[in-house]
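start00.cif, holding mmCIF, C-alpha atoms and all ligand atoms; chains and numbers go by the auth columns:
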data_work
#
loop_
_atom_site.group_PDB
_atom_site.id
_atom_site.type_symbol
_atom_site.label_atom_id
_atom_site.label_comp_id
_atom_site.label_asym_id
_atom_site.label_seq_id
_atom_site.Cartn_x
_atom_site.Cartn_y
_atom_site.Cartn_z
_atom_site.B_iso_or_equiv
_atom_site.auth_seq_id
_atom_site.auth_asym_id
ATOM 1 C CA MET A 1 72.480 74.918 145.333 0.00 230 A
ATOM 2 C CA SER A 2 75.388 77.203 144.645 0.00 231 A
ATOM 3 C CA SER A 3 78.976 76.108 145.386 0.00 232 A
ATOM 4 C CA PRO A 4 82.324 77.747 144.610 0.00 233 A
ATOM 5 C CA LEU A 5 82.915 75.439 141.641 0.00 234 A
ATOM 6 C CA ALA A 6 79.368 75.895 140.344 0.00 235 A
ATOM 7 C CA ASP A 7 79.860 79.664 140.572 0.00 236 A
ATOM 8 C CA ILE A 8 83.013 79.444 138.428 0.00 237 A
ATOM 9 C CA GLU A 9 81.149 77.232 135.948 0.00 238 A
ATOM 10 C CA ALA A 10 78.308 79.741 135.759 0.00 239 A
ATOM 11 C CA GLN A 11 80.769 82.556 135.053 0.00 240 A
ATOM 12 C CA ALA A 12 82.489 80.474 132.336 0.00 241 A
ATOM 13 C CA SER A 13 79.242 79.397 130.676 0.00 242 A
ATOM 14 C CA ASP A 14 79.041 82.318 128.227 0.00 243 A
ATOM 15 C CA CYS A 15 82.815 82.726 127.790 0.00 244 A
ATOM 16 C CA GLN A 16 83.938 84.481 124.608 0.00 245 A
ATOM 17 C CA ARG A 17 87.560 85.018 125.608 0.00 246 A
ATOM 18 C CA CYS A 18 88.696 83.371 122.365 0.00 247 A
ATOM 19 C CA ALA A 19 87.194 82.598 118.963 0.00 248 A
ATOM 20 C CA LEU A 20 86.298 79.008 119.958 0.00 249 A
ATOM 21 C CA GLY A 21 83.362 80.493 121.855 0.00 250 A
ATOM 22 C CA GLN A 22 81.765 81.178 118.457 0.00 251 A
ATOM 23 C CA THR A 23 81.960 77.614 117.154 0.00 252 A
ATOM 24 C CA ARG A 24 81.251 75.475 120.235 0.00 253 A
ATOM 25 C CA THR A 25 77.996 73.614 120.774 0.00 254 A
ATOM 26 C CA ASN A 26 78.589 73.375 124.524 0.00 255 A
ATOM 27 C CA LEU A 27 81.299 74.664 126.770 0.00 256 A
ATOM 28 C CA VAL A 28 82.892 71.654 128.490 0.00 257 A
ATOM 29 C CA PHE A 29 83.731 72.911 131.959 0.00 258 A
ATOM 30 C CA GLY A 30 84.623 69.753 133.921 0.00 259 A
ATOM 31 C CA VAL A 31 83.010 66.994 135.966 0.00 260 A
ATOM 32 C CA GLY A 32 83.498 64.948 139.073 0.00 261 A
ATOM 33 C CA ASN A 33 84.042 65.253 142.784 0.00 262 A
ATOM 34 C CA PRO A 34 84.379 68.974 143.625 0.00 263 A
ATOM 35 C CA HIS A 35 86.725 68.059 146.505 0.00 264 A
ATOM 36 C CA ALA A 36 88.704 65.334 144.727 0.00 265 A
ATOM 37 C CA GLN A 37 92.224 64.520 145.808 0.00 266 A
ATOM 38 C CA ILE A 38 93.040 63.687 142.176 0.00 267 A
ATOM 39 C CA MET A 39 92.455 65.930 139.188 0.00 268 A
ATOM 40 C CA LEU A 40 92.916 64.712 135.632 0.00 269 A
ATOM 41 C CA ILE A 41 93.679 67.327 133.005 0.00 270 A
ATOM 42 C CA GLY A 42 93.108 66.665 129.309 0.00 271 A
ATOM 43 C CA GLU A 43 93.601 68.772 126.212 0.00 272 A
ATOM 44 C CA GLY A 44 90.260 69.928 124.900 0.00 273 A
ATOM 45 C CA PRO A 45 86.793 68.683 123.978 0.00 274 A
ATOM 46 C CA GLY A 46 86.344 66.506 120.909 0.00 275 A
ATOM 47 C CA LYS A 47 83.141 66.088 118.914 0.00 276 A
ATOM 48 C CA ASN A 48 81.251 64.004 121.493 0.00 277 A
ATOM 49 C CA GLU A 49 82.312 66.207 124.382 0.00 278 A
ATOM 50 C CA ASP A 50 81.231 69.324 122.473 0.00 279 A
ATOM 51 C CA LEU A 51 77.811 67.749 121.842 0.00 280 A
ATOM 52 C CA GLN A 52 77.309 66.507 125.412 0.00 281 A
ATOM 53 C CA GLY A 53 79.083 69.244 127.397 0.00 282 A
ATOM 54 C CA GLU A 54 81.108 66.691 129.364 0.00 283 A
ATOM 55 C CA PRO A 55 84.809 65.771 129.165 0.00 284 A
ATOM 56 C CA PHE A 56 86.012 62.371 127.986 0.00 285 A
ATOM 57 C CA VAL A 57 82.719 60.814 126.896 0.00 286 A
ATOM 58 C CA GLY A 58 84.027 59.469 123.559 0.00 287 A
ATOM 59 C CA ALA A 59 86.449 56.648 122.744 0.00 288 A
ATOM 60 C CA ALA A 60 89.305 58.215 124.740 0.00 289 A
ATOM 61 C CA GLY A 61 86.904 58.479 127.698 0.00 290 A
ATOM 62 C CA LYS A 62 86.119 54.741 127.511 0.00 291 A
ATOM 63 C CA LEU A 63 89.826 53.931 127.739 0.00 292 A
ATOM 64 C CA LEU A 64 90.181 56.406 130.588 0.00 293 A
ATOM 65 C CA ASN A 65 87.340 54.688 132.490 0.00 294 A
ATOM 66 C CA THR A 66 89.071 51.315 132.031 0.00 295 A
ATOM 67 C CA LEU A 67 92.373 52.719 133.330 0.00 296 A
ATOM 68 C CA LEU A 68 90.635 54.170 136.381 0.00 297 A
ATOM 69 C CA GLU A 69 88.661 50.974 137.088 0.00 298 A
ATOM 70 C CA ARG A 70 91.869 48.910 136.925 0.00 299 A
ATOM 71 C CA ILE A 71 93.185 50.790 139.966 0.00 300 A
ATOM 72 C CA GLY A 72 89.861 50.838 141.808 0.00 301 A
ATOM 73 C CA LEU A 73 88.783 54.389 140.997 0.00 302 A
ATOM 74 C CA ALA A 74 85.504 55.605 139.536 0.00 303 A
ATOM 75 C CA ARG A 75 84.863 58.849 137.700 0.00 304 A
ATOM 76 C CA GLU A 76 82.963 60.054 140.801 0.00 305 A
ATOM 77 C CA ASP A 77 86.167 59.825 142.865 0.00 306 A
ATOM 78 C CA ILE A 78 88.129 62.265 140.741 0.00 307 A
ATOM 79 C CA TYR A 79 87.689 65.588 138.964 0.00 308 A
ATOM 80 C CA ILE A 80 88.323 65.907 135.206 0.00 309 A
ATOM 81 C CA ALA A 81 88.876 69.089 133.252 0.00 310 A
ATOM 82 C CA ASN A 82 90.634 70.178 130.085 0.00 311 A
ATOM 83 C CA ILE A 83 93.130 72.866 129.102 0.00 312 A
ATOM 84 C CA LEU A 84 90.579 74.203 126.601 0.00 313 A
ATOM 85 C CA LYS A 85 86.896 74.374 127.482 0.00 314 A
ATOM 86 C CA CYS A 86 85.708 74.617 123.872 0.00 315 A
ATOM 87 C CA ARG A 87 86.325 72.306 120.928 0.00 316 A
ATOM 88 C CA PRO A 88 88.942 73.369 118.408 0.00 317 A
ATOM 89 C CA PRO A 89 87.561 72.852 114.863 0.00 318 A
ATOM 90 C CA ASN A 90 88.330 69.359 113.526 0.00 319 A
ATOM 91 C CA ASN A 91 90.113 68.559 116.819 0.00 320 A
ATOM 92 C CA ARG A 92 93.199 70.531 115.789 0.00 321 A
ATOM 93 C CA ASP A 93 95.827 71.304 118.433 0.00 322 A
ATOM 94 C CA PRO A 94 95.075 74.191 120.803 0.00 323 A
ATOM 95 C CA HIS A 95 96.660 77.501 119.770 0.00 324 A
ATOM 96 C CA THR A 96 98.847 79.411 122.222 0.00 325 A
ATOM 97 C CA ASP A 97 96.448 82.367 122.397 0.00 326 A
ATOM 98 C CA GLU A 98 93.546 79.986 123.125 0.00 327 A
ATOM 99 C CA ILE A 99 95.503 78.336 125.948 0.00 328 A
ATOM 100 C CA GLU A 100 96.344 81.747 127.407 0.00 329 A
ATOM 101 C CA ALA A 101 92.734 82.891 127.191 0.00 330 A
ATOM 102 C CA CYS A 102 91.251 79.706 128.618 0.00 331 A
ATOM 103 C CA THR A 103 93.589 78.482 131.349 0.00 332 A
ATOM 104 C CA PRO A 104 92.552 81.102 133.931 0.00 333 A
ATOM 105 C CA TRP A 105 89.368 78.976 134.202 0.00 334 A
ATOM 106 C CA LEU A 106 91.470 75.873 134.853 0.00 335 A
ATOM 107 C CA ARG A 107 93.528 77.714 137.472 0.00 336 A
ATOM 108 C CA GLU A 108 90.307 78.646 139.251 0.00 337 A
ATOM 109 C CA GLN A 109 89.074 75.052 139.063 0.00 338 A
ATOM 110 C CA ILE A 110 92.336 73.780 140.561 0.00 339 A
ATOM 111 C CA LYS A 111 92.125 76.358 143.366 0.00 340 A
ATOM 112 C CA SER A 112 88.547 75.393 144.130 0.00 341 A
ATOM 113 C CA VAL A 113 88.884 71.588 143.927 0.00 342 A
ATOM 114 C CA HIS A 114 92.216 71.786 145.751 0.00 343 A
ATOM 115 C CA PRO A 115 93.596 68.399 144.605 0.00 344 A
ATOM 116 C CA THR A 116 96.946 67.083 145.826 0.00 345 A
ATOM 117 C CA VAL A 117 97.690 65.010 142.713 0.00 346 A
ATOM 118 C CA LEU A 118 97.413 66.154 139.099 0.00 347 A
ATOM 119 C CA VAL A 119 97.437 63.619 136.264 0.00 348 A
ATOM 120 C CA THR A 120 98.257 65.412 133.029 0.00 349 A
ATOM 121 C CA LEU A 121 97.032 63.652 129.906 0.00 350 A
ATOM 122 C CA GLY A 122 99.255 64.430 126.947 0.00 351 A
ATOM 123 C CA ASN A 123 101.683 67.174 125.987 0.00 352 A
ATOM 124 C CA PHE A 124 99.468 70.241 126.266 0.00 353 A
ATOM 125 C CA ALA A 125 98.329 69.580 129.834 0.00 354 A
ATOM 126 C CA THR A 126 101.822 68.512 130.894 0.00 355 A
ATOM 127 C CA LYS A 127 103.494 71.586 129.420 0.00 356 A
ATOM 128 C CA PHE A 128 100.990 73.858 131.110 0.00 357 A
ATOM 129 C CA VAL A 129 101.235 72.247 134.553 0.00 358 A
ATOM 130 C CA LEU A 130 104.994 71.633 134.638 0.00 359 A
ATOM 131 C CA GLN A 131 105.852 74.774 132.625 0.00 360 A
ATOM 132 C CA THR A 132 108.227 72.781 130.462 0.00 361 A
ATOM 133 C CA GLU A 133 109.016 72.257 126.807 0.00 362 A
ATOM 134 C CA THR A 134 110.128 68.656 127.431 0.00 363 A
ATOM 135 C CA GLY A 135 107.940 66.101 125.654 0.00 364 A
ATOM 136 C CA ILE A 136 105.681 63.632 127.421 0.00 365 A
ATOM 137 C CA THR A 137 107.769 60.609 126.403 0.00 366 A
ATOM 138 C CA HIS A 138 110.624 61.900 128.583 0.00 367 A
ATOM 139 C CA LEU A 139 108.468 63.048 131.478 0.00 368 A
ATOM 140 C CA ARG A 140 106.082 60.119 131.938 0.00 369 A
ATOM 141 C CA GLY A 141 106.760 57.200 134.275 0.00 370 A
ATOM 142 C CA LYS A 142 107.748 59.400 137.226 0.00 371 A
ATOM 143 C CA VAL A 143 106.103 61.512 139.888 0.00 372 A
ATOM 144 C CA HIS A 144 107.014 65.206 139.519 0.00 373 A
ATOM 145 C CA THR A 145 106.427 67.984 142.019 0.00 374 A
ATOM 146 C CA THR A 146 105.317 71.526 141.311 0.00 375 A
ATOM 147 C CA GLY A 147 104.218 73.867 144.094 0.00 376 A
ATOM 148 C CA PRO A 148 101.860 71.914 146.377 0.00 377 A
ATOM 149 C CA PHE A 149 101.084 69.267 143.723 0.00 378 A
ATOM 150 C CA ARG A 150 102.465 65.873 142.857 0.00 379 A
ATOM 151 C CA VAL A 151 102.143 65.505 139.081 0.00 380 A
ATOM 152 C CA ILE A 152 101.911 62.288 137.077 0.00 381 A
ATOM 153 C CA PRO A 153 102.292 63.039 133.376 0.00 382 A
ATOM 154 C CA THR A 154 101.087 60.377 130.986 0.00 383 A
ATOM 155 C CA PHE A 155 100.096 59.900 127.370 0.00 384 A
ATOM 156 C CA HIS A 156 96.776 61.208 126.203 0.00 385 A
ATOM 157 C CA PRO A 157 94.386 58.217 126.044 0.00 386 A
ATOM 158 C CA ALA A 158 93.451 59.186 122.458 0.00 387 A
ATOM 159 C CA ALA A 159 97.097 58.589 121.464 0.00 388 A
ATOM 160 C CA ALA A 160 96.789 55.010 122.736 0.00 389 A
ATOM 161 C CA ILE A 161 93.748 54.417 120.546 0.00 390 A
ATOM 162 C CA TYR A 162 95.906 55.023 117.463 0.00 391 A
ATOM 163 C CA ASP A 163 99.046 53.411 118.905 0.00 392 A
ATOM 164 C CA SER A 164 98.195 50.469 121.162 0.00 393 A
ATOM 165 C CA SER A 165 101.821 50.207 122.328 0.00 394 A
ATOM 166 C CA LYS A 166 101.030 53.240 124.510 0.00 395 A
ATOM 167 C CA VAL A 167 98.390 51.341 126.530 0.00 396 A
ATOM 168 C CA ALA A 168 101.037 49.569 128.645 0.00 397 A
ATOM 169 C CA ALA A 169 102.686 52.922 129.461 0.00 398 A
ATOM 170 C CA LEU A 170 99.316 54.407 130.450 0.00 399 A
ATOM 171 C CA GLU A 171 98.648 51.380 132.675 0.00 400 A
ATOM 172 C CA ALA A 172 102.068 51.750 134.304 0.00 401 A
ATOM 173 C CA ASP A 173 101.414 55.457 134.950 0.00 402 A
ATOM 174 C CA PHE A 174 98.011 54.717 136.514 0.00 403 A
ATOM 175 C CA ASP A 175 99.691 52.016 138.653 0.00 404 A
ATOM 176 C CA LEU A 176 102.081 54.744 139.799 0.00 405 A
ATOM 177 C CA LEU A 177 99.063 56.869 140.734 0.00 406 A
ATOM 178 C CA LYS A 178 97.700 53.982 142.813 0.00 407 A
ATOM 179 C CA LEU A 179 101.039 53.513 144.535 0.00 408 A
ATOM 180 C CA LEU A 180 101.153 57.218 145.379 0.00 409 A
ATOM 181 C CA LEU A 181 97.614 57.147 146.810 0.00 410 A
ATOM 182 C CA ASP A 182 98.312 53.993 148.826 0.00 411 A
ATOM 183 C CA THR A 183 101.525 55.500 150.210 0.00 412 A
ATOM 184 C CA ASP A 184 99.686 58.707 151.180 0.00 413 A
ATOM 185 C CA ALA A 185 96.958 56.680 152.891 0.00 414 A
ATOM 186 C CA GLU A 186 99.524 54.580 154.776 0.00 415 A
ATOM 187 C CA ARG A 187 101.370 57.723 155.950 0.00 416 A
ATOM 188 C CA ALA A 188 98.091 59.263 157.120 0.00 417 A
ATOM 189 C CA ARG A 189 97.250 56.063 159.051 0.00 418 A
ATOM 190 C CA ALA A 190 100.708 56.010 160.674 0.00 419 A
ATOM 191 C CA ALA A 191 100.442 59.710 161.618 0.00 420 A
ATOM 192 C CA ALA A 192 97.000 59.137 163.176 0.00 421 A
ATOM 193 C CA ALA A 193 98.322 56.128 165.123 0.00 422 A
ATOM 194 C CA ASP A 194 101.291 58.227 166.375 0.00 423 A
ATOM 195 C CA GLN A 195 98.876 60.839 167.701 0.00 424 A
ATOM 196 C CA GLN A 196 97.088 58.173 169.753 0.00 425 A
ATOM 197 C CA ASP A 197 100.308 56.958 171.399 0.00 426 A
HETATM 198 N N1 LIG B . 90.269 64.634 124.730 0.00 501 B
HETATM 199 C C1 LIG B . 90.524 65.548 125.696 0.00 501 B
HETATM 200 O O1 LIG B . 91.645 65.989 125.876 0.00 501 B
HETATM 201 N N2 LIG B . 89.527 65.930 126.440 0.00 501 B
HETATM 202 C C2 LIG B . 88.292 65.472 126.303 0.00 501 B
HETATM 203 O O2 LIG B . 87.437 65.891 127.061 0.00 501 B
HETATM 204 C C3 LIG B . 88.055 64.500 125.312 0.00 501 B
HETATM 205 C C4 LIG B . 89.055 64.102 124.531 0.00 501 B
#
Structure re-expressed in structure tokens:
Amino acid sequence: MSSPLADIEAQASDCQRCALGQTRTNLVFGVGNPHAQIMLIGEGPGKNEDLQGEPFVGAAGKLLNTLLERIGLAREDIYIANILKCRPPNNRDPHTDEIEACTPWLREQIKSVHPTVLVTLGNFATKFVLQTETGITHLRGKVHTTGPFRVIPTFHPAAAIYDSSKVAALEADFDLLKLLLDTDAERARAAAADQQD
């Protein structure tokens, strides 16, 4: 059955807005709950994601699943997408022209899913969402606000695979996400109780 998000995915499926369209195996659009309150934004597909057409299915995805499970979330509860929908050769960094060509898809995904919280994984996603040149090390550990969104920037899980000292920071940032969700839920409960008085 067609849905707004599925329509955007169908439009993106044969995208050739940048040269990565020529080298991809699969376009990696995004997965998860189409009405999620939380949207995670990564950088771009790696080898496994390119082969399977799904974000975060490789080693970084395993760590991401563990971080989510620790705070009681499953992949089905959230929506996950990337800055780039197609794999850069040899997992090189995204180029500026590729980001400019590709992010209109992400903007449409955000509009359609309509999350309230964005978790940006790594520098590329954080720079795009917060429109900043400040590095992730300075931005992580806090909740930021942009437009209607609360934003939790954190390290890219792949960075923690190479540098295990980053795991504790990722855990702290996911704990912050849980705190934010619990606070929102408590406020909603209090507002509902007020209405009944
Ligand atoms: N890294 C990302 O940023 N995204 C993926 O989907 C996989 C690895």
Item checked: Residue neighbourhood region 241-253 of chain A, 10 Å, only C-alpha atoms, exclusion window fewer than 3 positions, as a PyMOL selection string -> chain A and resi 235-238+256-258+274+276+279-280+282+313-318+326-331+334
Can you spit out the residues from that selection as a PDB file, in the coordinates of the input, using C-alpha atoms?
ATOM      1  CA  ALA A 235      79.368  75.895 140.344  1.00  0.00           C
ATOM      2  CA  ASP A 236      79.860  79.664 140.572  1.00  0.00           C
ATOM      3  CA  ILE A 237      83.013  79.444 138.428  1.00  0.00           C
ATOM      4  CA  GLU A 238      81.149  77.232 135.948  1.00  0.00           C
ATOM      5  CA  LEU A 256      81.299  74.664 126.770  1.00  0.00           C
ATOM      6  CA  VAL A 257      82.892  71.654 128.490  1.00  0.00           C
ATOM      7  CA  PHE A 258      83.731  72.911 131.959  1.00  0.00           C
ATOM      8  CA  PRO A 274      86.793  68.683 123.978  1.00  0.00           C
ATOM      9  CA  LYS A 276      83.141  66.088 118.914  1.00  0.00           C
ATOM     10  CA  ASP A 279      81.231  69.324 122.473  1.00  0.00           C
ATOM     11  CA  LEU A 280      77.811  67.749 121.842  1.00  0.00           C
ATOM     12  CA  GLY A 282      79.083  69.244 127.397  1.00  0.00           C
ATOM     13  CA  LEU A 313      90.579  74.203 126.601  1.00  0.00           C
ATOM     14  CA  LYS A 314      86.896  74.374 127.482  1.00  0.00           C
ATOM     15  CA  CYS A 315      85.708  74.617 123.872  1.00  0.00           C
ATOM     16  CA  ARG A 316      86.325  72.306 120.928  1.00  0.00           C
ATOM     17  CA  PRO A 317      88.942  73.369 118.408  1.00  0.00           C
ATOM     18  CA  PRO A 318      87.561  72.852 114.863  1.00  0.00           C
ATOM     19  CA  ASP A 326      96.448  82.367 122.397  1.00  0.00           C
ATOM     20  CA  GLU A 327      93.546  79.986 123.125  1.00  0.00           C
ATOM     21  CA  ILE A 328      95.503  78.336 125.948  1.00  0.00           C
ATOM     22  CA  GLU A 329      96.344  81.747 127.407  1.00  0.00           C
ATOM     23  CA  ALA A 330      92.734  82.891 127.191  1.00  0.00           C
ATOM     24  CA  CYS A 331      91.251  79.706 128.618  1.00  0.00           C
ATOM     25  CA  TRP A 334      89.368  78.976 134.202  1.00  0.00           C
TER      26      TRP A 334
END
Item checked: Residues within 9 Å of (85.4, 60.9, 144.1), file coords, all atoms listed in the file, listed as a VMD selection string -> chain A and resid 261 to 267 302 to 308
Check: What lies within 12 Å of Ala288 (chain A) using all atoms listed in the file, ignoring chain neighbours under 2 positions off, as a ChimeraX atom specification?
Finding: /A:275-278,284-286,290-295,385-391
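The residues caught by the PyMOL selection byres (((chain A and resi 300) around 12) and not hetatm) in this file are A:Leu293, A:Asn294, A:Thr295, A:Leu296, A:Leu297, A:Glu298, A:Arg299, A:Gly301, A:Leu302, A:Ala303, A:Arg304, A:Asp306, A:Leu399, A:Glu400, A:Ala401, A:Asp402, A:Phe403, A:Asp404, A:Leu405, A:Leu406, A:Lys407, A:Leu408, A:Leu409, A:Leu410, A:Asp411.
The spacing separating CA of Thr345 (chain A) from CA of Ala422 (chain A) amounts to 22.2 Å.
The protein and nucleic acid residues lying at most 12 Å from Gln360 (chain A) are Asn352, Phe353, Ala354, Thr355, His373, Thr374, Thr375, Gly376 and Val380 of chain A, with only C-alpha atoms considered and sequence neighbours fewer than 5 positions away removed.
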Dump as a PDB file, in the coordinates of the input, selection limited to C-alpha atoms:
ATOM      1  CA  ASN A 352     101.683  67.174 125.987  1.00  0.00           C
ATOM      2  CA  PHE A 353      99.468  70.241 126.266  1.00  0.00           C
ATOM      3  CA  ALA A 354      98.329  69.580 129.834  1.00  0.00           C
ATOM      4  CA  THR A 355     101.822  68.512 130.894  1.00  0.00           C
ATOM      5  CA  HIS A 373     107.014  65.206 139.519  1.00  0.00           C
ATOM      6  CA  THR A 374     106.427  67.984 142.019  1.00  0.00           C
ATOM      7  CA  THR A 375     105.317  71.526 141.311  1.00  0.00           C
ATOM      8  CA  GLY A 376     104.218  73.867 144.094  1.00  0.00           C
ATOM      9  CA  VAL A 380     102.143  65.505 139.081  1.00  0.00           C
TER      10      VAL A 380
END
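Between ligand LIG 501 (chain B) and the candidates A:Arg369, A:Ala239, A:Glu283, A:Gln338, the tightest atom-to-atom separation, counting all atoms listed in the file, involves A:Glu283.
Reported to one decimal place, the separation of CA of Leu347 (chain A) from CA of Ala398 (chain A) is 17.2 Å.
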Notebook entry, point to check: What is the CA of Gln281 (chain A) to CA of Thr254 (chain A) distance in Å?
Noted result: 8.5 Å
